$ cat my_file_22.txt   # compact mmCIF, C-alpha atoms
# COMPACT_ATOMS: atom_id res chain seq x y z
CA MET A 1 49.49 116.77 70.49
CA HIS A 2 51.34 118.82 73.06
CA ASP A 3 52.81 118.61 76.52
CA GLN A 4 54.91 121.24 78.20
CA GLU A 5 57.61 118.65 78.96
CA ALA A 6 57.62 117.08 75.47
CA GLN A 7 59.96 118.49 72.84
CA ARG A 8 60.25 118.25 69.09
CA VAL A 9 63.76 116.99 68.26
CA HIS A 10 65.82 115.29 65.55
CA TRP A 11 66.66 111.73 66.63
CA LEU A 12 68.09 108.77 64.70
CA ASP A 13 67.62 110.63 61.38
CA ARG A 14 63.92 111.30 62.08
CA GLU A 15 61.85 114.22 63.28
CA ALA A 16 60.44 113.04 66.59
CA LEU A 17 58.75 113.98 69.83
CA MET A 18 60.90 113.44 72.92
CA LEU A 19 58.97 112.30 75.99
CA ARG A 20 60.40 112.18 79.49
CA SER A 21 57.92 113.22 82.16
CA ALA A 22 55.71 110.11 82.71
CA ARG A 23 52.71 112.27 81.89
CA PRO A 24 50.34 111.32 79.07
CA VAL A 25 50.54 113.30 75.84
CA LEU A 26 46.95 112.99 74.66
CA ALA A 27 45.63 113.29 71.12
CA PRO A 28 42.39 115.27 70.68
CA VAL A 29 40.42 112.12 69.83
CA ALA A 30 38.55 109.49 71.83
CA PRO A 31 37.86 106.63 69.40
CA GLN A 32 35.31 103.99 70.20
CA PRO A 33 36.92 100.54 70.50
CA PRO A 34 37.93 98.47 68.74
CA TYR A 35 40.80 100.34 67.12
CA THR A 36 44.51 99.99 66.41
CA LEU A 37 47.27 102.26 67.72
CA ARG A 38 50.57 102.35 65.83
CA ALA A 39 53.68 104.21 66.94
CA THR A 40 57.27 104.28 65.70
CA LEU A 41 59.27 104.69 68.86
CA GLY A 42 62.80 104.41 70.15
CA GLY A 43 64.70 104.50 73.38
CA GLY A 44 67.35 106.98 74.31
CA PRO A 45 70.91 106.21 75.41
CA GLY A 46 69.84 105.19 78.93
CA PRO A 47 67.02 103.26 80.61
CA CYS A 48 63.60 104.41 79.44
CA TYR A 49 59.99 103.39 78.99
CA VAL A 50 57.93 104.46 75.97
CA GLY A 51 54.58 103.47 74.51
CA CYS A 52 50.93 104.38 74.07
CA CYS A 53 48.11 105.32 76.40
CA PHE A 54 44.39 104.79 75.76
CA HIS A 55 40.99 104.66 77.48
CA GLY A 56 41.97 108.03 78.91
CA ALA A 57 39.30 109.54 81.15
CA ASP A 58 41.71 112.38 82.04
CA SER A 59 45.41 112.90 82.68
CA GLU A 60 45.15 110.94 85.95
CA ASN A 61 43.26 107.84 84.76
CA PHE A 62 44.16 105.81 81.66
CA GLU A 63 45.71 102.58 80.41
CA THR A 64 49.30 102.28 79.18
CA ILE A 65 51.24 99.66 77.28
CA TYR A 66 54.90 100.45 76.77
CA VAL A 67 58.19 98.89 75.83
CA VAL A 68 61.41 98.92 77.81
CA PRO A 69 64.11 98.93 75.13
CA TYR A 70 67.01 99.14 77.52
CA LEU A 71 67.27 98.16 81.15
CA GLY A 72 70.58 96.98 82.48
CA GLY A 73 71.84 95.95 79.05
CA HIS A 74 69.32 93.15 78.56
CA GLN A 75 66.80 92.65 75.80
CA ASP A 76 63.73 93.62 77.61
CA ALA A 77 60.04 93.88 77.87
CA ILE A 78 56.52 94.88 76.95
CA GLN A 79 54.56 95.94 80.01
CA TYR A 80 50.94 96.75 80.75
CA ASP A 81 50.32 99.38 83.41
CA PRO A 82 46.97 100.93 84.38
CA VAL A 83 47.22 104.47 85.75
CA ILE A 84 44.65 105.04 88.52
CA LYS A 85 44.25 108.34 90.37
CA GLY A 86 47.57 109.53 88.98
CA SER A 87 49.62 106.47 89.96
CA ASN A 88 51.14 103.88 87.68
CA THR A 89 50.03 100.75 89.48
CA TRP A 90 52.70 98.34 88.24
CA GLN A 91 53.60 97.51 91.84
CA VAL A 92 50.03 96.20 92.18
CA PHE A 93 49.50 94.63 88.74
CA GLY A 94 53.01 94.12 87.34
CA ASP A 95 53.32 90.44 88.18
CA ALA A 96 49.63 89.65 87.90
CA ASP A 97 49.40 89.55 84.10
CA GLY A 98 53.05 89.00 83.29
CA ILE A 99 55.73 90.94 81.45
CA ALA A 100 56.29 89.86 77.85
CA SER A 101 59.85 89.65 76.55
CA ALA A 102 60.77 91.16 73.19
CA PRO A 103 64.04 91.67 71.24
CA LEU A 104 64.21 95.41 71.81
CA LEU A 105 67.28 97.54 71.15
CA LYS A 106 68.32 100.87 72.60
CA GLU A 107 68.73 103.81 70.20
CA HIS A 108 66.73 101.97 67.55
CA TRP A 109 63.31 102.58 65.97
CA HIS A 110 60.72 99.90 66.72
CA LEU A 111 57.11 99.75 65.52
CA LEU A 112 54.62 99.21 68.34
CA ARG A 113 51.09 98.15 67.39
CA ILE A 114 48.32 97.79 69.96
CA ASP A 115 44.89 96.43 69.04
CA VAL A 116 42.45 97.78 71.62
CA TRP A 117 39.00 96.50 72.58
CA ALA A 118 36.90 97.64 75.53
CA ASP A 119 38.46 95.24 78.04
CA ILE A 120 41.45 93.59 76.34
CA ALA A 121 44.48 94.65 74.27
CA GLN A 122 46.85 92.74 72.01
CA VAL A 123 50.42 93.88 71.32
CA TYR A 124 52.66 93.43 68.25
CA VAL A 125 56.24 94.60 67.71
CA ASP A 126 57.85 95.35 64.32
CA ASP A 127 54.90 94.00 62.33
CA GLU A 128 55.53 90.40 63.33
CA GLY A 129 52.62 88.17 62.44
CA SER A 130 51.81 86.89 65.90
CA PRO A 131 51.14 89.04 68.98
CA LYS A 132 53.82 89.37 71.61
CA ALA A 133 51.30 89.77 74.43
CA THR A 134 47.60 89.89 75.26
CA PHE A 135 46.54 91.84 78.34
CA PRO A 136 43.16 91.90 80.06
CA LEU A 137 42.56 95.57 80.99
CA ARG A 138 42.20 96.24 84.70
CA SER A 139 41.47 99.95 85.19
CA GLY A 140 37.70 99.62 84.69
CA LEU A 141 37.78 102.21 81.89
CA ARG A 142 36.36 101.00 78.59
CA GLU A 143 36.82 104.01 76.28
CA GLY A 144 38.42 107.44 76.18
CA ARG A 145 41.26 109.45 74.66
CA VAL A 146 44.45 108.00 73.20
CA GLY A 147 48.01 109.26 73.08
CA LEU A 148 51.64 108.67 74.03
CA TRP A 149 53.44 107.97 77.28
CA GLY A 150 57.14 107.94 78.14
CA TYR A 151 59.45 108.07 81.12
CA ASN A 152 63.09 109.20 80.85
CA PRO A 153 64.22 110.47 77.43
CA SER A 154 62.42 108.42 74.79
CA TYR A 155 61.26 109.22 71.29
CA VAL A 156 58.23 108.81 69.01
CA ALA A 157 58.46 109.53 65.27
CA ASP A 158 54.96 108.49 64.13
CA PHE A 159 51.63 107.90 65.82
CA GLU A 160 48.26 106.98 64.35
CA VAL A 161 44.94 105.42 65.26
CA ARG A 162 42.91 103.30 62.86
CA PRO A 163 39.51 101.59 63.09
CA LEU A 164 39.73 97.86 63.72
CA GLN A 165 37.30 95.33 62.30
CA ALA A 166 38.08 92.27 64.36
CA ALA A 167 36.59 90.33 67.23
CA PRO A 168 38.49 90.45 70.51
CA PRO A 169 40.88 87.59 71.22
CA PRO A 170 40.07 85.12 73.97
CA SER A 171 41.28 86.19 77.37
CA PRO A 172 44.59 84.50 78.22
CA GLU A 173 44.86 81.95 80.97
CA PRO A 174 45.38 83.65 84.33
CA LYS A 175 49.02 83.93 85.29
CA VAL A 176 48.24 83.97 88.99
CA THR A 177 46.16 81.75 91.24
CA VAL A 178 44.97 83.24 94.52
CA PRO A 179 45.62 80.59 97.18
CA PRO A 180 42.99 79.75 99.81
CA GLY A 181 43.32 81.79 102.97
CA THR A 182 44.03 85.02 101.09
CA VAL A 183 41.97 87.87 102.53
CA ARG A 184 39.69 89.14 99.75
CA GLY A 185 37.66 91.73 101.72
CA TRP A 186 38.77 94.54 104.02
CA LEU A 187 37.42 97.49 105.98
CA VAL A 188 39.62 100.44 105.00
CA ALA A 189 40.07 104.13 105.83
CA ARG A 190 42.53 106.88 104.97
CA TYR A 191 44.31 109.24 107.34
CA ASP A 192 43.21 112.88 107.14
CA ARG A 193 45.96 115.20 108.35
CA ASP A 194 43.63 118.15 108.85
CA SER A 195 41.43 116.35 111.35
CA GLY A 196 44.10 113.95 112.64
CA THR A 197 41.73 110.99 112.20
CA PHE A 198 41.08 108.14 109.80
CA VAL A 199 38.14 108.96 107.54
CA GLU A 200 36.21 107.57 104.54
CA HIS A 201 35.67 104.13 106.08
CA ARG A 202 34.48 101.67 103.46
CA LEU A 203 34.45 98.01 102.52
CA ALA A 204 36.86 97.07 99.75
CA THR A 205 37.57 93.91 97.78
CA THR A 206 40.89 92.82 96.35
CA GLU A 207 41.92 92.63 92.70
CA HIS A 208 41.94 89.44 90.66
CA ASN A 209 45.43 88.68 92.03
CA GLY A 210 44.40 88.97 95.69
CA THR A 211 45.98 92.41 96.19
CA LEU A 212 44.12 95.30 97.78
CA CYS A 213 44.79 98.22 95.42
CA LEU A 214 44.52 101.37 97.52
CA ASN A 215 44.71 103.52 94.37
CA ARG A 216 41.15 102.43 93.61
CA LEU A 217 40.04 104.15 96.80
CA TYR A 218 42.34 107.06 97.59
CA SER A 219 44.70 109.40 95.76
CA ALA A 220 48.26 108.90 96.93
CA GLU A 221 50.37 111.82 98.01
CA PRO A 222 53.79 111.49 99.68
CA GLU A 223 53.31 109.97 103.15
CA SER A 224 49.63 109.18 102.50
CA GLN A 225 48.41 106.56 104.96
CA ALA A 226 45.58 104.05 105.01
CA LEU A 227 44.37 101.38 107.41
CA ALA A 228 42.96 98.01 106.38
CA ALA A 229 41.28 95.70 108.90
CA CYS A 230 39.89 92.17 108.85
CA GLU A 231 39.16 89.33 111.24
CA ILE A 232 41.02 86.02 111.08
CA GLU A 233 39.66 82.83 112.64
CA ILE A 234 42.15 80.32 114.02
CA PRO A 235 40.55 76.90 114.62
CA PRO A 236 40.81 75.07 117.96
CA GLY A 237 43.82 72.82 118.41
CA SER A 238 46.08 74.84 116.11
CA GLU A 239 49.74 74.76 117.08
CA GLN A 240 51.18 77.33 114.66
CA ALA A 241 49.65 80.31 112.87
CA ILE A 242 51.31 82.56 110.33
CA LEU A 243 50.51 85.55 108.15
CA GLU A 244 52.02 85.62 104.66
CA THR A 245 52.00 89.19 103.39
CA GLY A 246 53.31 91.53 100.74
CA TYR A 247 52.92 95.30 100.58
CA SER A 248 54.07 98.59 99.14
CA ASP A 249 55.51 100.87 100.34
CA ARG A 250 55.76 100.86 104.19
CA ALA A 251 53.69 98.69 106.52
CA ARG A 252 52.95 98.26 110.20
CA ILE A 253 50.92 95.19 111.16
CA TRP A 254 48.99 94.63 114.40
CA PHE A 255 47.41 91.38 115.55
CA ASN A 256 44.94 91.91 118.41
CA SER A 257 46.37 95.42 118.91
CA ILE A 258 49.94 94.06 119.31
CA LEU A 259 52.41 95.46 116.80
CA LEU A 260 54.15 92.46 115.23
CA HIS A 261 55.79 93.85 112.10
CA GLU A 262 57.24 97.04 110.64
CA GLY A 263 58.83 97.05 107.22
CA GLU A 264 59.43 98.85 103.95
CA TRP A 265 59.43 97.56 100.38
CA ARG A 266 59.77 99.82 97.35
CA TRP A 267 61.52 100.32 94.03
CA ASP A 268 65.27 100.65 94.49
CA PRO A 269 67.38 99.73 91.43
CA VAL A 270 70.60 100.09 93.41
CA ALA A 271 69.43 97.57 96.01
CA GLY A 272 67.85 95.37 93.33
CA THR A 273 64.30 95.62 94.68
CA ASP A 274 61.33 96.39 92.41
CA GLY A 275 58.69 97.17 95.03
CA ARG A 276 56.07 94.88 93.52
CA ILE A 277 53.52 93.48 95.96
CA ARG A 278 54.12 89.74 96.17
CA PRO A 279 52.26 87.18 98.29
CA GLY A 280 54.42 85.62 100.94
CA HIS A 281 57.12 88.26 100.74
CA VAL A 282 57.06 88.50 104.56
CA LYS A 283 56.03 85.69 106.90
CA ILE A 284 54.86 86.73 110.37
CA PRO A 285 54.19 84.17 113.15
CA VAL A 286 51.12 85.07 115.24
CA PRO A 287 49.60 83.58 118.41
CA ALA A 288 47.68 80.39 117.64
CA ALA A 289 44.91 80.95 120.19
CA PRO A 290 41.57 79.72 118.80
CA GLY A 291 38.85 82.18 117.81
CA ARG A 292 38.53 85.39 115.83
CA HIS A 293 41.41 87.85 115.88
CA LEU A 294 41.64 91.41 114.60
CA LEU A 295 44.29 92.04 111.96
CA LEU A 296 45.12 95.67 111.20
CA VAL A 297 47.57 96.86 108.52
CA GLU A 298 48.74 100.44 108.14
CA ILE A 299 50.16 101.26 104.70
CA THR A 300 52.15 104.41 103.92
CA ALA A 301 52.76 105.55 100.34
CA LEU A 302 56.41 106.58 99.87
CA GLU A 303 56.34 106.36 96.05
CA PRO A 304 52.94 107.78 95.08
CA GLY A 305 53.67 107.31 91.39
CA PHE A 306 53.96 103.53 91.56
CA GLY A 307 50.89 102.26 93.40
CA TRP A 308 50.25 101.19 96.99
CA GLY A 309 48.46 98.28 98.61
CA LEU A 310 48.82 94.91 100.33
CA THR A 311 48.02 91.23 100.24
CA VAL A 312 47.64 88.88 103.23
CA ARG A 313 47.13 85.15 103.59
CA ALA A 314 46.47 83.49 106.96
CA LEU A 315 47.42 79.88 107.73
CA ALA A 316 47.06 77.69 110.81
CA ASP A 317 49.15 74.50 110.74
CA ASP A 318 49.54 75.09 106.98
CA ASN A 319 45.76 75.15 106.49
CA PRO A 320 43.96 78.28 105.20
CA CYS A 321 42.08 80.31 107.78
CA GLN A 322 38.67 81.86 107.37
CA TRP A 323 38.50 85.65 107.25
CA TRP A 324 35.91 88.45 107.32
CA PRO A 325 36.16 92.21 106.78
CA ALA A 326 36.33 93.89 110.19
CA SER A 327 33.03 95.27 111.50
CA LYS A 328 34.75 98.40 112.81
CA LEU A 329 38.11 100.10 112.64
CA GLU A 330 39.92 100.24 115.96
CA VAL A 331 42.97 102.45 115.58
CA PRO A 332 45.85 101.18 117.79
CA VAL A 333 47.31 103.61 120.30
CA SER A 334 50.71 103.24 118.63
CA SER A 335 49.31 104.37 115.26
CA VAL A 336 49.81 108.11 114.91
CA GLY A 337 48.71 108.36 111.28
$ encode --input "my_file_22.txt" --output "structure tokens"
Amino acid sequence: MHDQEAQRVHWLDREALMLRSARPVLAPVAPQPPYTLRATLGGGPGPCYVGCCFHGADSENFETIYVVPYLGGHQDAIQYDPVIKGSNTWQVFGDADGIASAPLLKEHWHLLRIDVWADIAQVYVDDEGSPKATFPLRSGLREGRVGLWGYNPSYVADFEVRPLQAAPPPSPEPKVTVPPGTVRGWLVARYDRDSGTFVEHRLATTEHNGTLCLNRLYSAEPESQALAACEIEIPPGSEQAILETGYSDRARIWFNSILLHEGEWRWDPVAGTDGRIRPGHVKIPVPAAPGRHLLLVEITALEPGFGWGLTVRALADDNPCQWWPASKLEVPVSSVG
């Protein structure tokens, strides 16, 4: 196993591989699930993330499960994070399936065990008898290469893969419920800088948590932009209408070609924001005129490594509105791509 940014070092009295680049370090094997991954791993002196990757189609598309042994001095977490088109999508999926707590220590060796099936994974820490977490797998990949993953200086002393003779566990109860009125289908397109137009128009559906994951559709580069359009119906007699939305990273929102909102939401530890897409993060009043109305959302990726997307729910007098994917994409004059 080799990566140009991984180094062999001596750490906590063990020979180890130091990871730091957030790139997968892949083993030259692609076991058929089910199988077990085991890794002895430890955090460095500062905040870090370290764990295993699997179902690797290539270095841009794979699953990860990692531990966070030190973050702000608290015992921290086990996190599942699918990597899609080169982006860790925890801003899309991070709250959808939960973050499991675990008694993890910095500068300490922990044993991470992950039992992997085609579409679900179960996680153990330090050989405890019961699993710490069970994660349904969201990338759509069902097999592929395995390896290691780490961000900021973190260390792995042992890594192995073993066959597993066990039936998959039952899928856990969903941790999110998508409320009525959440838009589940969009017409989307990406901005092409060469032509100066929005291209690759397509219909897209949201994830199980009601979030439109743009990583499914387009690779994110700095300042990548996409448009998502739908129609919202406000019933006659409505007195108040509102859009409840969450997004990452920057958004502009038009309602009937009128720009009603501009905002930015991304990971900023200093400001205490995590950038995760949350329903209802922003509430936008809109005209309550009855009939169908065009809703257009422009999303700009400022942090390509963390995922980009949006979620929208429409309400009229606190009742969910009907929605449809837009039949065509009308780019507002004030949208310059």
$ closest_residue --input "my_file_22.txt" --among "A:Leu164, A:Asn209, A:Gly237, A:Tyr35" --to "Val176 (chain A)" --atoms "only C-alpha atoms"
A:Asn209
$ residues_around --input "my_file_22.txt" --residues "region 258-261 of chain A" --least-positions-apart "5" --cutoff "12 Å" --atoms "all atoms listed in the file" --output "short mmCIF file (atom, residue, chain, number, x, y, z; two decimals) with C-alpha atoms, in the frame of the given file"
data_model
loop_
_atom_site.label_atom_id
_atom_site.label_comp_id
_atom_site.auth_asym_id
_atom_site.auth_seq_id
_atom_site.Cartn_x
_atom_site.Cartn_y
_atom_site.Cartn_z
CA ILE A 242 51.31 82.56 110.33
CA LEU A 243 50.51 85.55 108.15
CA GLU A 244 52.02 85.62 104.66
CA THR A 245 52.00 89.19 103.39
CA GLY A 246 53.31 91.53 100.74
CA TYR A 247 52.92 95.30 100.58
CA ARG A 250 55.76 100.86 104.19
CA ALA A 251 53.69 98.69 106.52
CA ARG A 252 52.95 98.26 110.20
CA ILE A 253 50.92 95.19 111.16
CA VAL A 282 57.06 88.50 104.56
CA LYS A 283 56.03 85.69 106.90
CA ILE A 284 54.86 86.73 110.37
CA PRO A 285 54.19 84.17 113.15
CA VAL A 286 51.12 85.07 115.24
CA PRO A 287 49.60 83.58 118.41
CA HIS A 293 41.41 87.85 115.88
CA LEU A 294 41.64 91.41 114.60
CA LEU A 295 44.29 92.04 111.96
CA LEU A 296 45.12 95.67 111.20
CA VAL A 297 47.57 96.86 108.52
CA GLU A 298 48.74 100.44 108.14
CA ILE A 299 50.16 101.26 104.70
CA VAL A 331 42.97 102.45 115.58
CA PRO A 332 45.85 101.18 117.79
CA VAL A 333 47.31 103.61 120.30
CA SER A 334 50.71 103.24 118.63
CA SER A 335 49.31 104.37 115.26
#
$ closest_residue --input "my_file_22.txt" --among "A:Asp81, A:Glu231, A:Glu330, A:Asp158" --to "Pro136 (chain A)" --atoms "all atoms listed in the file"
A:Asp81
$ atom_distance --input "my_file_22.txt" --atom1 "CA of Leu17 (chain A)" --atom2 "CA of Ser130 (chain A)"
28.2 Å
$ atom_distance --input "my_file_22.txt" --atom1 "CA of Val183 (chain A)" --atom2 "CA of Ser327 (chain A)"
14.7 Å
$ residues_around --input "my_file_22.txt" --residues "Gln7 (chain A)" --least-positions-apart "3" --cutoff "12 Å" --atoms "all atoms listed in the file" --output "list in words"
Met1, His2, Asp3, Gln4, His10, Trp11, Glu15, Ala16, Leu17, Met18, Leu19, Arg20, Ser21, Val25, Pro153, Ser154, Tyr155, Val156 and Ala157 of chain A
$ closest_atom_pairs --input "my_file_22.txt" --of "region 61-158 of chain A" --to "region 218-221 of chain A" --cutoff "9 Å" --atoms "all atoms listed in the file" --output "Markdown table"
| residue | atom | partner | partner_atom | distance |
| --- | --- | --- | --- | --- |
| A:Ile84 | CA | A:Ser219 | CA | 8.5 |
| A:Lys85 | CA | A:Ser219 | CA | 5.5 |
| A:Gly86 | CA | A:Ser219 | CA | 7.4 |
| A:Ser87 | CA | A:Ala220 | CA | 7.5 |
$ axis_aligned_box --input "my_file_22.txt" --around "region 230-248 of chain A" --padding-each-side "3 Å" --output "AutoDock Vina command-line options"
--center_x 46.6 --center_y 85.7 --center_z 108.8 --size_x 20.9 --size_y 31.8 --size_z 25.3
$ closest_residue --input "my_file_22.txt" --among "A:Ser248, A:Asn152, A:Gln225, A:Ser139" --to "Gly309 (chain A)" --atoms "all atoms listed in the file"
A:Ser248
$ residues_around --input "my_file_22.txt" --residues "Gln79 (chain A)" --least-positions-apart "4" --cutoff "9 Å" --atoms "all atoms listed in the file" --output "compact mmCIF listing (two decimals) with C-alpha atoms, in the frame of the given file"
# COMPACT_ATOMS: atom_id res chain seq x y z
CA THR A 64 49.30 102.28 79.18
CA ILE A 65 51.24 99.66 77.28
CA TYR A 66 54.90 100.45 76.77
CA VAL A 67 58.19 98.89 75.83
CA VAL A 68 61.41 98.92 77.81
CA TRP A 90 52.70 98.34 88.24
CA GLY A 94 53.01 94.12 87.34
CA GLY A 98 53.05 89.00 83.29
CA ILE A 99 55.73 90.94 81.45
CA ALA A 100 56.29 89.86 77.85
CA SER A 101 59.85 89.65 76.55
CA ALA A 133 51.30 89.77 74.43
$ residues_around --input "my_file_22.txt" --residues "region 31-34 of chain A" --least-positions-apart "2" --cutoff "6 Å" --atoms "only C-alpha atoms" --output "ChimeraX atom specification"
/A:116-118,164
$ atom_distance --input "my_file_22.txt" --atom1 "CA of Thr40 (chain A)" --atom2 "CA of Glu5 (chain A)"
19.6 Å
$ closest_residue --input "my_file_22.txt" --among "A:Ala204, A:Val270, A:Val199, A:Val125" --to "Gly51 (chain A)" --atoms "only C-alpha atoms"
A:Val125
$ closest_residue --input "my_file_22.txt" --among "A:Gly305, A:Thr205, A:Phe93, A:Ser224" --to "Arg193 (chain A)" --atoms "all atoms listed in the file"
A:Ser224
$ closest_residue --input "my_file_22.txt" --among "A:Pro169, A:Pro103, A:Gly150, A:Gly275" --to "Ile120 (chain A)" --atoms "all atoms listed in the file"
A:Pro169
$ residues_around --input "my_file_22.txt" --residues "Trp308 (chain A)" --least-positions-apart "3" --cutoff "8 Å" --atoms "all atoms listed in the file" --output "list in words"
Thr89, Gln91, Val92, Cys213, Leu214, Asn215, Ala220, Tyr247, Ser248, Asp249, Ile299, Thr300, Ala301 and Pro304 of chain A
